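K.L.:
Here you go, protein03.cif (mmCIF, C-alpha atoms):
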data_protein
#
loop_
_atom_site.group_PDB
_atom_site.id
_atom_site.type_symbol
_atom_site.label_atom_id
_atom_site.label_comp_id
_atom_site.auth_asym_id
_atom_site.auth_seq_id
_atom_site.Cartn_x
_atom_site.Cartn_y
_atom_site.Cartn_z
ATOM 1 C CA MET A 27 113.472 176.016 -76.727
ATOM 2 C CA ALA A 28 115.751 178.553 -78.397
ATOM 3 C CA PRO A 29 114.952 179.829 -81.909
ATOM 4 C CA ASP A 30 116.915 178.167 -84.731
ATOM 5 C CA GLU A 31 119.495 180.160 -86.690
ATOM 6 C CA ASP A 32 117.122 181.148 -89.506
ATOM 7 C CA THR A 33 114.450 182.285 -87.050
ATOM 8 C CA GLN A 34 117.014 184.278 -85.055
ATOM 9 C CA LYS A 35 118.005 186.109 -88.225
ATOM 10 C CA ARG A 36 114.372 186.826 -89.078
ATOM 11 C CA LEU A 37 113.808 188.164 -85.572
ATOM 12 C CA GLY A 38 116.897 190.373 -85.783
ATOM 13 C CA SER A 39 116.025 191.633 -89.256
ATOM 14 C CA PHE A 40 112.510 192.524 -88.101
ATOM 15 C CA LEU A 41 113.798 194.502 -85.115
ATOM 16 C CA ARG A 42 116.388 196.286 -87.224
ATOM 17 C CA ARG A 43 113.782 197.445 -89.734
ATOM 18 C CA LYS A 44 111.474 198.644 -86.967
ATOM 19 C CA ARG A 45 114.359 200.493 -85.285
ATOM 20 C CA GLU A 46 115.377 202.175 -88.531
ATOM 21 C CA GLY A 47 111.782 203.260 -89.088
ATOM 22 C CA LEU A 48 111.665 205.303 -85.869
ATOM 23 C CA SER A 49 113.244 208.698 -85.270
ATOM 24 C CA PRO A 50 114.707 209.779 -81.912
ATOM 25 C CA GLU A 51 111.840 212.250 -81.588
ATOM 26 C CA ASP A 52 109.324 209.385 -81.844
ATOM 27 C CA ILE A 53 110.426 208.068 -78.449
ATOM 28 C CA GLY A 54 111.130 211.399 -76.779
ATOM 29 C CA LEU A 55 114.836 211.752 -77.547
ATOM 30 C CA THR A 56 116.620 214.719 -79.077
ATOM 31 C CA ARG A 57 118.019 214.183 -82.540
ATOM 32 C CA PRO A 58 121.834 214.353 -82.401
ATOM 33 C CA PRO A 59 123.414 217.059 -84.589
ATOM 34 C CA ARG A 60 124.840 215.994 -87.962
ATOM 35 C CA ARG A 61 123.138 212.590 -87.753
ATOM 36 C CA ARG A 62 123.776 210.564 -90.925
ATOM 37 C CA THR A 63 122.131 207.191 -90.305
ATOM 38 C CA PRO A 64 118.329 206.816 -90.349
ATOM 39 C CA GLY A 65 116.240 205.767 -87.393
ATOM 40 C CA LEU A 66 117.255 205.058 -83.830
ATOM 41 C CA ARG A 67 120.689 203.921 -82.770
ATOM 42 C CA ARG A 68 121.081 200.464 -81.258
ATOM 43 C CA GLU A 69 122.381 202.041 -78.067
ATOM 44 C CA ASP A 70 119.190 204.163 -77.812
ATOM 45 C CA VAL A 71 116.982 201.069 -77.964
ATOM 46 C CA ALA A 72 119.189 199.131 -75.570
ATOM 47 C CA ALA A 73 119.280 201.943 -72.993
ATOM 48 C CA MET A 74 115.533 202.470 -73.022
ATOM 49 C CA ALA A 75 114.878 198.704 -72.879
ATOM 50 C CA GLY A 76 117.255 198.301 -69.927
ATOM 51 C CA ILE A 77 119.656 195.901 -71.646
ATOM 52 C CA SER A 78 123.262 196.231 -72.797
ATOM 53 C CA THR A 79 124.088 197.540 -76.248
ATOM 54 C CA VAL A 80 126.254 194.464 -76.866
ATOM 55 C CA TRP A 81 123.328 192.135 -76.103
ATOM 56 C CA TYR A 82 120.881 194.105 -78.239
ATOM 57 C CA SER A 83 123.388 194.168 -81.123
ATOM 58 C CA LYS A 84 123.664 190.381 -80.911
ATOM 59 C CA ILE A 85 119.866 190.122 -81.067
ATOM 60 C CA GLU A 86 119.730 192.204 -84.250
ATOM 61 C CA ARG A 87 122.565 190.169 -85.806
ATOM 62 C CA GLY A 88 120.647 186.950 -85.110
ATOM 63 C CA GLN A 89 123.304 185.708 -82.714
ATOM 64 C CA ALA A 90 121.378 185.824 -79.435
ATOM 65 C CA ILE A 91 120.120 182.637 -77.820
ATOM 66 C CA GLY A 92 117.728 182.535 -74.887
ATOM 67 C CA ILE A 93 116.272 186.049 -75.074
ATOM 68 C CA SER A 94 114.036 186.519 -72.053
ATOM 69 C CA ARG A 95 110.369 187.376 -72.373
ATOM 70 C CA GLU A 96 110.986 190.479 -70.252
ATOM 71 C CA ALA A 97 113.700 191.737 -72.617
ATOM 72 C CA LEU A 98 111.498 191.143 -75.660
ATOM 73 C CA GLN A 99 108.588 192.956 -74.052
ATOM 74 C CA ALA A 100 110.835 195.910 -73.184
ATOM 75 C CA ILE A 101 112.199 196.071 -76.744
ATOM 76 C CA SER A 102 108.662 195.832 -78.081
ATOM 77 C CA ARG A 103 107.619 198.838 -75.990
ATOM 78 C CA VAL A 104 110.613 200.920 -77.075
ATOM 79 C CA LEU A 105 110.023 200.156 -80.757
ATOM 80 C CA ARG A 106 106.297 200.818 -80.331
ATOM 81 C CA LEU A 107 105.263 197.532 -81.875
ATOM 82 C CA GLN A 108 101.584 197.137 -82.614
ATOM 83 C CA PRO A 109 99.796 194.087 -81.113
ATOM 84 C CA PRO A 110 100.180 191.879 -84.231
ATOM 85 C CA GLU A 111 103.839 192.907 -84.521
ATOM 86 C CA HIS A 112 104.412 192.084 -80.847
ATOM 87 C CA ARG A 113 102.795 188.663 -81.299
ATOM 88 C CA TYR A 114 104.975 188.102 -84.360
ATOM 89 C CA LEU A 115 108.098 188.980 -82.364
ATOM 90 C CA MET A 116 107.157 186.680 -79.485
ATOM 91 C CA THR A 117 106.327 183.872 -81.886
ATOM 92 C CA LEU A 118 109.701 184.174 -83.615
ATOM 93 C CA ALA A 119 111.332 183.988 -80.185
ATOM 94 C CA LYS A 120 109.246 180.859 -79.516
ATOM 95 C CA GLN A 121 107.621 182.408 -76.482
ATOM 96 C CA PRO A 122 103.967 181.660 -77.340
ATOM 97 C CA THR A 123 102.512 178.234 -78.057
ATOM 98 C CA PRO A 124 102.560 177.704 -81.835
ATOM 99 C CA SER A 125 99.411 176.592 -83.599
ATOM 100 C CA THR A 126 99.137 172.818 -83.785
ATOM 101 C CA SER A 127 96.161 172.646 -86.121
ATOM 102 C CA THR A 128 96.783 171.899 -89.797
ATOM 103 C CA PRO A 129 95.184 174.304 -92.299
ATOM 104 C CA CYS A 130 92.391 172.521 -94.136
ATOM 105 C CA LEU A 131 92.990 171.975 -97.851
ATOM 106 C CA MET A 132 89.413 171.151 -98.854
ATOM 107 C CA ILE A 133 85.905 171.485 -97.452
ATOM 108 C CA GLY A 134 83.299 168.838 -96.776
ATOM 109 C CA SER A 135 79.643 168.653 -97.728
ATOM 110 C CA HIS A 136 78.450 170.202 -94.455
ATOM 111 C CA THR A 137 80.629 173.279 -94.936
ATOM 112 C CA ARG A 138 79.503 173.532 -98.562
ATOM 113 C CA ARG A 139 75.879 173.440 -97.433
ATOM 114 C CA LEU A 140 76.517 176.149 -94.845
ATOM 115 C CA LEU A 141 78.298 178.320 -97.406
ATOM 116 C CA ASP A 142 75.395 178.070 -99.852
ATOM 117 C CA ARG A 143 72.875 178.970 -97.146
ATOM 118 C CA ILE A 144 74.651 182.292 -96.629
ATOM 119 C CA ASP A 145 73.631 183.477 -100.124
ATOM 120 C CA PRO A 146 72.904 186.268 -101.052
ATOM 121 C CA MET A 147 75.624 187.509 -98.687
ATOM 122 C CA PRO A 148 79.027 186.859 -100.349
ATOM 123 C CA ALA A 149 81.197 184.379 -98.461
ATOM 124 C CA ILE A 150 84.387 182.373 -98.921
ATOM 125 C CA VAL A 151 86.322 179.790 -96.930
ATOM 126 C CA THR A 152 90.093 180.277 -96.688
ATOM 127 C CA ASN A 153 92.941 178.613 -94.819
ATOM 128 C CA ASP A 154 96.176 179.856 -93.230
ATOM 129 C CA TYR A 155 97.864 179.879 -96.648
ATOM 130 C CA TYR A 156 95.138 182.215 -97.966
ATOM 131 C CA ASP A 157 93.955 179.524 -100.368
ATOM 132 C CA ILE A 158 90.325 180.078 -101.336
ATOM 133 C CA LEU A 159 88.870 176.634 -100.623
ATOM 134 C CA ALA A 160 85.340 177.520 -101.702
ATOM 135 C CA ALA A 161 83.097 180.458 -102.534
ATOM 136 C CA ASN A 162 79.329 180.713 -102.610
ATOM 137 C CA ARG A 163 77.439 181.951 -105.671
ATOM 138 C CA ALA A 164 77.033 185.446 -104.281
ATOM 139 C CA TYR A 165 80.808 185.834 -103.926
ATOM 140 C CA SER A 166 81.532 184.608 -107.461
ATOM 141 C CA LEU A 167 78.847 186.963 -108.737
ATOM 142 C CA MET A 168 80.412 189.829 -106.805
ATOM 143 C CA CYS A 169 84.028 189.323 -107.917
ATOM 144 C CA GLY A 170 83.045 188.486 -111.499
ATOM 145 C CA ILE A 171 85.254 185.390 -111.557
ATOM 146 C CA ASP A 172 84.133 181.765 -111.652
ATOM 147 C CA LEU A 173 86.419 180.684 -108.821
ATOM 148 C CA ASP A 174 85.424 177.033 -109.269
ATOM 149 C CA ALA A 175 87.038 177.195 -112.721
ATOM 150 C CA VAL A 176 90.351 178.446 -111.303
ATOM 151 C CA PRO A 177 92.785 175.579 -110.587
ATOM 152 C CA PRO A 178 92.994 175.050 -106.802
ATOM 153 C CA ARG A 179 96.742 175.767 -106.686
ATOM 154 C CA GLU A 180 96.154 179.150 -108.355
ATOM 155 C CA ARG A 181 93.124 180.018 -106.224
ATOM 156 C CA ASN A 182 95.063 181.929 -103.616
ATOM 157 C CA TYR A 183 93.661 185.236 -102.340
ATOM 158 C CA ILE A 184 97.069 186.926 -102.246
ATOM 159 C CA GLY A 185 98.421 185.267 -105.384
ATOM 160 C CA LEU A 186 95.420 186.465 -107.416
ATOM 161 C CA ALA A 187 96.136 190.030 -106.264
ATOM 162 C CA PHE A 188 99.477 189.797 -108.094
ATOM 163 C CA SER A 189 98.399 187.752 -111.127
ATOM 164 C CA SER A 190 94.760 188.520 -111.993
ATOM 165 C CA PRO A 191 93.717 191.930 -113.418
ATOM 166 C CA ALA A 192 90.063 191.029 -112.801
ATOM 167 C CA TRP A 193 90.781 190.246 -109.147
ATOM 168 C CA ARG A 194 92.696 193.501 -108.733
ATOM 169 C CA ARG A 195 89.765 195.466 -110.189
ATOM 170 C CA PHE A 196 87.375 193.707 -107.836
ATOM 171 C CA LEU A 197 89.562 194.661 -104.847
ATOM 172 C CA ARG A 198 89.759 198.267 -106.111
ATOM 173 C CA MET A 199 93.519 197.999 -106.522
ATOM 174 C CA ASP A 200 93.672 199.934 -109.811
ATOM 175 C CA ASP A 201 94.402 202.971 -107.680
ATOM 176 C CA VAL A 202 98.147 202.618 -107.027
ATOM 177 C CA GLU A 203 98.060 204.078 -103.506
ATOM 178 C CA VAL A 204 95.065 201.991 -102.439
ATOM 179 C CA GLY A 205 96.577 198.927 -104.090
ATOM 180 C CA ASN A 206 99.855 199.313 -102.239
ATOM 181 C CA ILE A 207 98.061 199.613 -98.903
ATOM 182 C CA LYS A 208 95.968 196.503 -99.560
ATOM 183 C CA LEU A 209 98.944 194.470 -100.776
ATOM 184 C CA ALA A 210 101.004 195.422 -97.726
ATOM 185 C CA ARG A 211 98.114 194.440 -95.456
ATOM 186 C CA MET A 212 97.718 191.041 -97.165
ATOM 187 C CA VAL A 213 101.415 190.207 -97.110
ATOM 188 C CA GLY A 214 101.712 191.424 -93.517
ATOM 189 C CA SER A 215 98.842 189.153 -92.482
ATOM 190 C CA LEU A 216 100.468 186.159 -94.152
ATOM 191 C CA ARG A 217 103.773 186.946 -92.400
ATOM 192 C CA GLY A 218 102.019 187.108 -89.032
ATOM 193 C CA ILE A 219 100.382 183.729 -89.609
ATOM 194 C CA SER A 220 103.583 182.139 -90.927
ATOM 195 C CA ALA A 221 105.472 182.933 -87.723
ATOM 196 C CA ASN A 222 102.954 180.827 -85.821
ATOM 197 C CA ARG A 223 103.599 177.844 -88.109
ATOM 198 C CA PRO A 224 107.318 177.053 -87.625
ATOM 199 C CA GLY A 225 108.477 174.118 -89.707
ATOM 200 C CA ASP A 226 105.394 174.163 -91.960
ATOM 201 C CA SER A 227 106.874 173.043 -95.282
ATOM 202 C CA LEU A 228 103.683 173.837 -97.199
ATOM 203 C CA MET A 229 103.681 177.405 -95.852
ATOM 204 C CA SER A 230 107.318 177.784 -96.918
ATOM 205 C CA ALA A 231 106.445 176.417 -100.366
ATOM 206 C CA ARG A 232 103.533 178.860 -100.744
ATOM 207 C CA ILE A 233 105.755 181.803 -99.827
ATOM 208 C CA SER A 234 108.466 180.661 -102.248
ATOM 209 C CA GLU A 235 105.894 180.359 -105.024
ATOM 210 C CA LEU A 236 104.561 183.851 -104.361
ATOM 211 C CA LYS A 237 108.089 185.266 -104.316
ATOM 212 C CA ALA A 238 108.836 183.612 -107.650
ATOM 213 C CA GLN A 239 105.516 184.823 -109.054
ATOM 214 C CA SER A 240 105.908 188.475 -108.078
ATOM 215 C CA LYS A 241 108.841 190.770 -107.372
ATOM 216 C CA GLU A 242 106.348 193.049 -105.648
ATOM 217 C CA PHE A 243 105.376 190.299 -103.209
ATOM 218 C CA SER A 244 109.037 189.463 -102.622
ATOM 219 C CA SER A 245 109.830 193.102 -101.836
ATOM 220 C CA LEU A 246 106.884 193.433 -99.450
ATOM 221 C CA TRP A 247 107.790 190.152 -97.744
ATOM 222 C CA ASP A 248 111.367 191.267 -97.212
ATOM 223 C CA SER A 249 110.162 194.570 -95.732
ATOM 224 C CA GLU A 250 109.132 192.659 -92.569
ATOM 225 C CA VAL A 251 105.659 194.250 -92.438
ATOM 226 C CA VAL A 252 103.399 192.374 -89.998
ATOM 227 C CA ASN A 253 99.623 192.607 -89.787
ATOM 228 C CA GLN A 254 96.657 190.474 -88.869
ATOM 229 C CA SER A 255 93.472 189.654 -90.723
ATOM 230 C CA GLU A 256 90.516 191.104 -88.870
ATOM 231 C CA ALA A 257 86.941 192.233 -89.347
ATOM 232 C CA SER A 258 86.911 195.481 -91.299
ATOM 233 C CA ASP A 259 85.085 197.452 -93.986
ATOM 234 C CA HIS A 260 86.158 196.771 -97.578
ATOM 235 C CA ALA A 261 85.573 199.011 -100.602
ATOM 236 C CA LEU A 262 84.969 196.599 -103.480
ATOM 237 C CA LEU A 263 83.893 196.767 -107.122
ATOM 238 C CA HIS A 264 80.898 194.453 -107.461
ATOM 239 C CA ALA A 265 80.770 193.008 -110.984
ATOM 240 C CA LYS A 266 77.034 193.768 -111.238
ATOM 241 C CA LEU A 267 76.446 196.614 -108.774
ATOM 242 C CA GLY A 268 79.614 198.667 -109.091
ATOM 243 C CA SER A 269 81.172 200.299 -106.036
ATOM 244 C CA ILE A 270 80.045 198.922 -102.705
ATOM 245 C CA ILE A 271 81.390 198.848 -99.156
ATOM 246 C CA LEU A 272 80.926 195.594 -97.251
ATOM 247 C CA ARG A 273 82.008 194.561 -93.778
ATOM 248 C CA LYS A 274 84.083 191.391 -93.672
ATOM 249 C CA GLN A 275 83.367 189.181 -90.676
ATOM 250 C CA ILE A 276 85.748 186.316 -89.943
ATOM 251 C CA TRP A 277 84.612 183.082 -88.288
ATOM 252 C CA GLN A 278 87.214 180.519 -87.287
ATOM 253 C CA SER A 279 86.389 176.866 -87.862
ATOM 254 C CA ILE A 280 88.292 174.036 -86.187
ATOM 255 C CA GLY A 281 87.369 170.483 -87.071
ATOM 256 C CA GLY A 282 89.521 167.899 -85.329
ATOM 257 C CA GLU A 283 93.099 168.800 -86.227
ATOM 258 C CA THR A 284 92.304 171.087 -89.179
ATOM 259 C CA SER A 285 91.251 174.711 -89.273
ATOM 260 C CA GLY A 286 89.892 177.275 -91.722
ATOM 261 C CA ARG A 287 88.171 180.651 -91.799
ATOM 262 C CA LEU A 288 84.738 181.591 -93.032
ATOM 263 C CA ASN A 289 84.732 185.172 -94.344
ATOM 264 C CA VAL A 290 81.261 186.672 -94.719
ATOM 265 C CA TYR A 291 80.704 190.071 -96.361
ATOM 266 C CA THR A 292 77.660 191.987 -95.131
ATOM 267 C CA PRO A 293 76.217 195.368 -96.231
ATOM 268 C CA LEU A 294 76.473 198.417 -94.025
ATOM 269 C CA ASN A 295 72.901 199.557 -94.722
ATOM 270 C CA ASP A 296 69.467 198.288 -95.758
ATOM 271 C CA GLU A 297 69.721 199.745 -99.264
ATOM 272 C CA ASP A 298 72.860 197.781 -100.119
ATOM 273 C CA CYS A 299 71.309 194.709 -98.534
ATOM 274 C CA ARG A 300 68.340 194.993 -100.927
ATOM 275 C CA ARG A 301 70.700 195.573 -103.852
ATOM 276 C CA LEU A 302 72.590 192.379 -103.069
ATOM 277 C CA GLU A 303 69.371 190.416 -102.634
ATOM 278 C CA ASP A 304 67.851 191.728 -105.870
ATOM 279 C CA VAL A 305 70.881 191.186 -108.083
ATOM 280 C CA TYR A 306 71.391 187.698 -106.647
ATOM 281 C CA ALA A 307 67.726 186.762 -107.140
ATOM 282 C CA SER A 308 67.813 188.030 -110.722
ATOM 283 C CA TRP A 309 71.053 186.232 -111.565
ATOM 284 C CA ASN A 310 70.130 183.030 -109.752
ATOM 285 C CA GLY A 311 66.731 182.917 -111.427
ATOM 286 C CA GLY A 312 68.334 183.296 -114.825
ATOM 287 C CA SER A 313 70.851 180.591 -114.003
ATOM 288 C CA GLU A 314 68.121 178.145 -113.004
ATOM 289 C CA GLU A 315 66.238 178.759 -116.246
ATOM 290 C CA ASN A 316 69.358 177.966 -118.217
#
Go ahead and express the file in the form of structure tokens.
P.N.:
Amino acid sequence: MAPDEDTQKRLGSFLRRKREGLSPEDIGLTRPPRRRTPGLRREDVAAMAGISTVWYSKIERGQAIGISREALQAISRVLRLQPPEHRYLMTLAKQPTPSTSTPCLMIGSHTRRLLDRIDPMPAIVTNDYYDILAANRAYSLMCGIDLDAVPPRERNYIGLAFSSPAWRRFLRMDDVEVGNIKLARMVGSLRGISANRPGDSLMSARISELKAQSKEFSSLWDSEVVNQSEASDHALLHAKLGSIILRKQIWQSIGGETSGRLNVYTPLNDEDCRRLEDVYASWNGGSEEN
């Protein structure tokens, strides 16, 4: 099946931005004298990918139908796409098999029980839209926000990064440089997921809402950055313990035709493990007395 017109334009726009972000030297070419335009020329990419300049130009203009997997792989190599970017490109070209599972919009009692058993390690359940479906007590204690009190439609991991000062502090985004890196990573992850959900009206609605909510999100979205959510170390500001680095582990859950992700944050050392256990025990004990 060929990509529809909108998808073709997205594919072309993505390739154009990646091409403009590379210099001739990046791929072993000599920079032409008196060069005025940034990045690589279309003819450079086409020649190194083994396709005609006319065909590559049509791809970037969103006018190409039936791009072969071989051509896309060659272009990907020339533009030095990272694995998530390559998957994004292939998904836009409708080469891979899109996800058929529907992101879950709520959790059941069994998932709630599992989430609570993970205390005192902070944990949340999210879906493909980055909605926070549930958080255990340790996570709410850590971020300093009663997430259960946040309306479900506003309880979006990425949306909170643009709307909630408390959430931004928790994610250590007060530092402009760090904040920009984290925002780009979040938006890039959402873009990567969205390409695997063609025709998902709810995904489109979420993206439109985020664009309307934040010019910063809209700018990052239009920049065509692609990333993927993966296990990594996160520097966070614990509401009770202060600065702490935790490793996020991601566990995929598929129940029937719905899917979600369990994100568990674990300490890197025994000392931080004891700190989490102690502050949770103290807080939980006080809560039970009240």
K.L.:
Of the candidates A:Tyr155, A:Phe40, A:Tyr114, A:Trp193, which shows the shortest atom-to-atom distance to Ser285 of chain A, using only C-alpha atoms?
P.N.:
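Using only C-alpha atoms, the shortest distance to Ser285 of chain A belongs to A:Tyr155.
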K.L.:
What separation in Å, quoted to one decimal, exists between atom CA of Ala210 of chain A and atom CA of Val251 of chain A?
P.N.:
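About the pair atom CA of Ala210 of chain A and atom CA of Val251 of chain A: they are 7.1 Å apart.
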K.L.:
Between atom CA of Leu48 of chain A and atom CA of Asn253 of chain A, what is the distance in Å, rounded to a tenth?
P.N.:
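Distance reported for this atom pair: 17.9 Å.
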K.L.:
Could you tell me, as a PyMOL selection string, exactly which residues end up selected when the PyMOL selection byres ((chain A and resi 63-72) around 7) is applied to this structure?
P.N.:
chain A and resi 45-50+61-62+73-79+82-83+104
K.L.:
Grab the residues selected above and save them as a PDB file, keeping the file's coordinate frame with C-alpha atoms.
P.N.:
ATOM      1  CA  ARG A  45     114.359 200.493 -85.285  1.00  0.00           C
ATOM      2  CA  GLU A  46     115.377 202.175 -88.531  1.00  0.00           C
ATOM      3  CA  GLY A  47     111.782 203.260 -89.088  1.00  0.00           C
ATOM      4  CA  LEU A  48     111.665 205.303 -85.869  1.00  0.00           C
ATOM      5  CA  SER A  49     113.244 208.698 -85.270  1.00  0.00           C
ATOM      6  CA  PRO A  50     114.707 209.779 -81.912  1.00  0.00           C
ATOM      7  CA  ARG A  61     123.138 212.590 -87.753  1.00  0.00           C
ATOM      8  CA  ARG A  62     123.776 210.564 -90.925  1.00  0.00           C
ATOM      9  CA  ALA A  73     119.280 201.943 -72.993  1.00  0.00           C
ATOM     10  CA  MET A  74     115.533 202.470 -73.022  1.00  0.00           C
ATOM     11  CA  ALA A  75     114.878 198.704 -72.879  1.00  0.00           C
ATOM     12  CA  GLY A  76     117.255 198.301 -69.927  1.00  0.00           C
ATOM     13  CA  ILE A  77     119.656 195.901 -71.646  1.00  0.00           C
ATOM     14  CA  SER A  78     123.262 196.231 -72.797  1.00  0.00           C
ATOM     15  CA  THR A  79     124.088 197.540 -76.248  1.00  0.00           C
ATOM     16  CA  TYR A  82     120.881 194.105 -78.239  1.00  0.00           C
ATOM     17  CA  SER A  83     123.388 194.168 -81.123  1.00  0.00           C
ATOM     18  CA  VAL A 104     110.613 200.920 -77.075  1.00  0.00           C
TER      19      VAL A 104
END
K.L.:
List the spatial neighbours of segment 181-185 of chain A as an NGL selection string - criterion: any atom at most 7 Å away, all atoms listed in the file, same-chain residues fewer than 4 positions off excluded.
P.N.:
:A and (156-158 or 176-177 or 189 or 212 or 236)
